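Notes follow the structure.
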Amino acid sequence: MKIDQSQPLEYSTQQNQMNILGFWIFLGAEIMLFGTLFASYFTLENGIGNGPSGAEIFEITPVLMETIILLTSSFTIGLAIHAMRIQNKKATLAFLAITLLLGLSFLGLEIYEFIHYYHEGATLQTSAFTAILLTTLGTHGAHVTFGLFWGLFIFLQIKKRGFTPETSNKSFIFSLYWHFLDVVWIFIFSFIYLKGMM
Amino acid sequence: MEFFERFAIPHPSPLIYASMVAIGLVMLAIVFGLTYFKKWGYLWREWLTTVDHKRIGIMYMISAILMLFRGGADAVMMRLQTAVPDNTFLDAQHYNEVFTTHGVVMIIFMAMAFIIGMMNFVVPLQIGARDVAFPRLNAISFWLYFAGAMLFNISFVIGGSPDAGWTNYFPLAGTDFSETVGVNYYMWALQISGLGTLMTGINFIVTIFKMRAPGMTLMKMPMFTWSALITNVIIVFAFPVLTIALLMGTFDRQFGTHFFASTNGGMDMLWANLFWVWGHPEVYILILPAFGVYSEVIATFSQRNLYGYKSMVGSMVLISFMSFLVWVHHFFTMGHGALVNGIFSITTMAIAVPTGIKIFNWLLTMWKGKIRFTVPMLYSIGFIPLFTIGGVTGVMLAIASADYQYHNTMFLVAHFHNVIIPGVVFAMLAGLTYWWPKMFGFMLNERIGKWGFWFLSIGFCLAFFPMYITGLDGQARRMYTYSEETGFGPLNMLSFFGAGLMAIAFILIVYNVYYSFRYAPRNVGQDPWNARSLEWATQTPVPEYNFAVTPVVNSSEAYWDSKKNGHQLFKDKISKIHMPNNSGLPIIMAGFFFIFGFSFVFSIWVGVILSALGIFGCMAYRTFENDHGRYISEEEIHETEKNFGGAKE
């Protein structure tokens, strides 16, 4: 395996470069995935049947907290990658841990939000609107959950193995994934919550 | 006992029981045979755990041919049922199941597998690479496809087949009208194999962008590789739409949501739209690699370089873009209004233009060429007129107002078979015959192959051209029978006769494999067709590392240049080669996916949770695994090359 010293560690081998390109393409597919969910959401938004509408069930406080938490975590994962670039293992691990804890609290709030919807009588079966709302939020939430485990595993690997071409490549790709989830959330926040509450 | 009742077939018949027995016997025979000949270890080490793109490609193609016969049996049953008026061979429910599984098997599990298999085998060789970018992921793709295919195929002996058509329109596919678990099978089989396809898409885009031989710029890639690149771009953007549509469909059927229901705010047309936003690009996913195969075959056997390289590339890019802009033409009659129908009518007709450019390019490639009428070339020459007829009837269907007459008639059935069979199936048979010596080291018999071609072509014309006429006369598709007064009888009988000829053709093609395996000479050399692109520049059969020395390229037909113009392909010395290790993880993971799908179909939640844990466990194992591959030493390469007849340095 040839290691190119002029590149950052995560780009240093041909395989690493291919992994990163492959992941960008995967994110392209993810954009289509969430794009389809959004298109379906806009189609079914008014299909509330006998159930509640968005304006009736959305609560700004938890949603705003979720948004701030997730945006902050996107910032801290950026700091983690920066620390990785300057080969500071301790800082990388710390920022990665903060990111994951923020992700966990985001998830906790989202679960609280889902319980709230349940008590308001907005379940999967209530109407097409509630179904697509919960599916879209749930798909994002499932991605975050997956990311938490993934991030945890990478944390353990950096701790054990230090910065190798593999671990730094994985961390970098994980950061792309995490930023992407943040971007999706911004769309959810703007086009589902804010639009729904107007 | 109550637990087991759900697995019973809801609508049994002697045919299904007979297939059950046959499946059981074949599986017993395979297990017995493998044990008797002590081949389990060989099978596991060399094939089931392989990450070699060539072997994965061959496994894809073997599966595709098996699925071809499975789907073909459905086709013959349909033609037999409709051969005479008021036939009672199949009842309405069985006929529904048969046309549904025919469509799904042929599109998803036959044609897709065939093109992906061919891309797997050919693309890394054509670009001078050692393997694909992510060999392990490639194995996962294959095994996910295989798990999906098996899941789909056990439906008809456990729990019942899907019966809502391959398009699976809601509300017909909802639990109100499709009460068995059949449609659940459809959802999960497509979901699992679709995941595999998406990964293939990512894998090949990266392979083609990052692993080309030195000197091979994008505009010097062989045309089949170009078609593969564009196809995989379409895959990456189309398949996530299907993922979501299937997820929503599953929720509707199993969790009582109302996405596609007509109550509680649902919208049944949303399914049709999502399905075809994936489905129309899907037909171009099938046809573009076929175009790539024809480009290779026609150039080789006309002994001329491909006419209009740039326009070939440009038209494919245009087709891939437009393939996302035509989906509404599948349901003009759903009542969108004149403006929407008009727009999609025009985009649909416009897509015929780049396709037409390609047809003329192939004709001009042949013009003044020294044509050799081999089997691959016969398929390619047969393709041009037959496909053009299919294309022209497609433009007829694109006229929205006239489509109200054609919609859901046999005319449509004739049209899409007219593009898929001479388009995709001919291409796959041409490509299989063309690359066969590269895969196995001997040629397929030309004489039997030509018989196969003529049976297939004539059978095709007899089977499908009558449908244009009965369709215009008003015979609806998917109707299990018709009365004698309609007068559809004689033409349908002719169709059945044609289907019989096609069945003979496929049997001949398989017999040809057996015959050539026994009698064909083995010393065919590395370039039996006098071909033009890089895959012919290495040994036959191809060693696991593909090229002992990475070739250096300076044109789109580098190998031809090396033969005719003295271009030196191999400049470096042999040095050790890095290769990936085999792994059992992909097949184990696909096994978990299979259990996951099966449990989900029957709502057995314990199985769903356990198998999901298994899937994530495999992923966790992979992330902690330390696998840096292995090196093949210089001596070993020298040894291998010598056995093939001399190293090239």
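Going by the structure tokens order, chains are called A, B, ..., each with residues numbered from 1, while ligands are numbered from 1 in the order shown.
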
Up to 7 Å from chain A, what residues of chain B turn up? Count only C-alpha atoms and give them as an NGL selection string.
:B and (133 or 202-203 or 206 or 210 or 236-237 or 240-241 or 244 or 256-259 or 264-266)

Determine, counting only C-alpha atoms, which protein, DNA and RNA residues have an atom within 7 Å of an atom of range 381-395 of chain B; residues of the same chain fewer than 5 positions away are not included. Present the result as an NGL selection string.
:B and (349 or 359 or 415 or 418-419 or 422-423 or 426)

Could you please determine the separation between CA of Ala503 in chain B and CA of Val31 in chain B in Å, to one decimal place?
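Calculated distance between CA of Ala503 in chain B and CA of Val31 in chain B is 28.3 Å.
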
Would you mind listing what lies within 10 Å of range 361-369 of chain B as JSON, numbers by chain, with only C-alpha atoms counted and same-chain residues fewer than 3 positions away left out?
{"B": [291, 294, 295, 298, 299, 300, 301, 302, 303, 304, 305, 306, 307, 308, 309, 311, 312, 355, 356, 357, 358, 372, 380, 381, 384]}

One decimal, in Å: what's the spacing between CA of Trp271 in chain B and CA of Ile108 in chain B?
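According to the coordinates, CA of Trp271 in chain B and CA of Ile108 in chain B are separated by 18.4 Å.
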
Write out as a VMD selection string which residues come within 8 Å of Leu270 in chain B when counting only C-alpha atoms, dropping same-chain ones fewer than 2 positions away.
(chain A and resid 40 43) or (chain B and resid 260 267 to 268 272 to 274)

Using N, CA and C atoms, can you write the selected residues to a file as a CSV table (one decimal), in the first residue's frame?
chain,number,residue,atom,x,y,z
A,40,SER,N,-42.9,13.1,-1.1
A,40,SER,CA,-44.1,12.5,-0.6
A,40,SER,C,-44.8,13.3,0.5
A,43,THR,N,-46.7,16.0,-0.9
A,43,THR,CA,-47.9,15.5,-1.5
A,43,THR,C,-49.0,15.2,-0.5
B,260,PHE,N,-51.1,5.0,0.6
B,260,PHE,CA,-51.7,4.8,-0.7
B,260,PHE,C,-53.1,4.4,-0.7
B,267,MET,N,-53.1,8.8,-0.9
B,267,MET,CA,-53.3,9.0,-2.3
B,267,MET,C,-52.7,7.9,-3.1
B,268,ASP,N,-53.6,7.1,-3.7
B,268,ASP,CA,-53.1,5.9,-4.4
B,268,ASP,C,-52.2,6.2,-5.6
B,272,ALA,N,-48.0,5.0,-7.9
B,272,ALA,CA,-47.8,4.9,-9.3
B,272,ALA,C,-46.7,5.9,-9.7
B,273,ASN,N,-46.7,7.1,-9.2
B,273,ASN,CA,-45.7,8.1,-9.5
B,273,ASN,C,-44.3,7.7,-9.0
B,274,LEU,N,-44.2,7.3,-7.7
B,274,LEU,CA,-42.9,6.9,-7.2
B,274,LEU,C,-42.4,5.7,-7.9

Determine the nearest neighbour of Leu9 in chain A from the options A:Val144, A:Gln87, A:Tyr177, A:Trp185, counting only C-alpha atoms.
A:Gln87

Selection near Gly103 in chain A, 9 Å with only C-alpha atoms, sequence-local residues under 6 positions removed, as a compact mmCIF listing (two decimals) with C-alpha atoms, in the first residue's frame:
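Final file, result.txt:
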# COMPACT_ATOMS: atom_id res chain seq x y z
CA ILE A 69 -28.13 20.43 19.61
CA LEU A 70 -27.68 18.89 16.19
CA SER A 73 -22.79 18.49 17.13
CA VAL A 144 -28.78 9.31 13.73
CA THR A 145 -29.11 6.11 15.77
CA GLY A 147 -24.49 7.07 13.37
CA LEU A 148 -24.23 6.83 17.15

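A straight line drawn from CA of Val98 in chain B to CA of Val181 in chain B is 15.5 Å long.
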
Which of these, B:Phe134, B:Arg622, B:Ser555, B:Ser516, has the shortest distance to Asn16 in chain A once you count only C-alpha atoms?
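Once distances to Asn16 in chain A are computed over only C-alpha atoms, the minimum belongs to B:Phe134.
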
Residues at most 12 Å from Ile111 in chain A, counting only C-alpha atoms, excluding those fewer than 4 positions away in the same chain, as a tab-separated table (two decimals) with C-alpha atoms, in the first residue's frame?
chain	number	residue	atom	x	y	z
A	62	PRO	CA	-38.29	20.77	21.70
A	63	VAL	CA	-37.81	21.24	17.97
A	66	GLU	CA	-33.12	19.54	18.76
A	104	LEU	CA	-27.78	11.00	21.97
A	105	SER	CA	-29.58	13.95	23.53
A	106	PHE	CA	-31.02	14.84	20.12
A	107	LEU	CA	-32.36	11.32	19.92
A	115	ILE	CA	-44.40	10.26	22.66
A	116	HIS	CA	-45.98	13.68	22.63
A	117	TYR	CA	-47.44	13.04	19.18
A	118	TYR	CA	-48.76	9.72	20.39
A	134	LEU	CA	-43.35	10.09	11.35
A	137	LEU	CA	-38.60	12.05	11.01
A	138	GLY	CA	-38.12	8.37	11.79
A	141	GLY	CA	-33.77	9.46	13.51
A	142	ALA	CA	-32.78	5.97	12.40
A	145	THR	CA	-29.11	6.11	15.77

Taking 6 positions as the minimum chain separation for residues in the same chain, which residues sit within 9 Å of range 323-332 of chain B when counting only C-alpha atoms? Answer as an MDAnalysis selection string.
chainID B and resid 234 238 272:273 275:284 340:341 343:348 351 397:401 403:404 407

Using only C-alpha atoms, find the one residue out of A:Thr164, A:Ser175, A:Thr67, A:Ser12 that sits nearest to Leu79 in chain A.
A:Ser175

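Among B:His417, B:His336, B:His53, B:Arg478, the residue with the shortest atom-to-atom distance to Asp131 in chain B, counting only C-alpha atoms, is B:His53.
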
Considering only C-alpha atoms, can you say which of A:Ile173, A:His143, A:Leu133, A:Ala122 comes closest to Glu56 in chain A?
A:Ala122
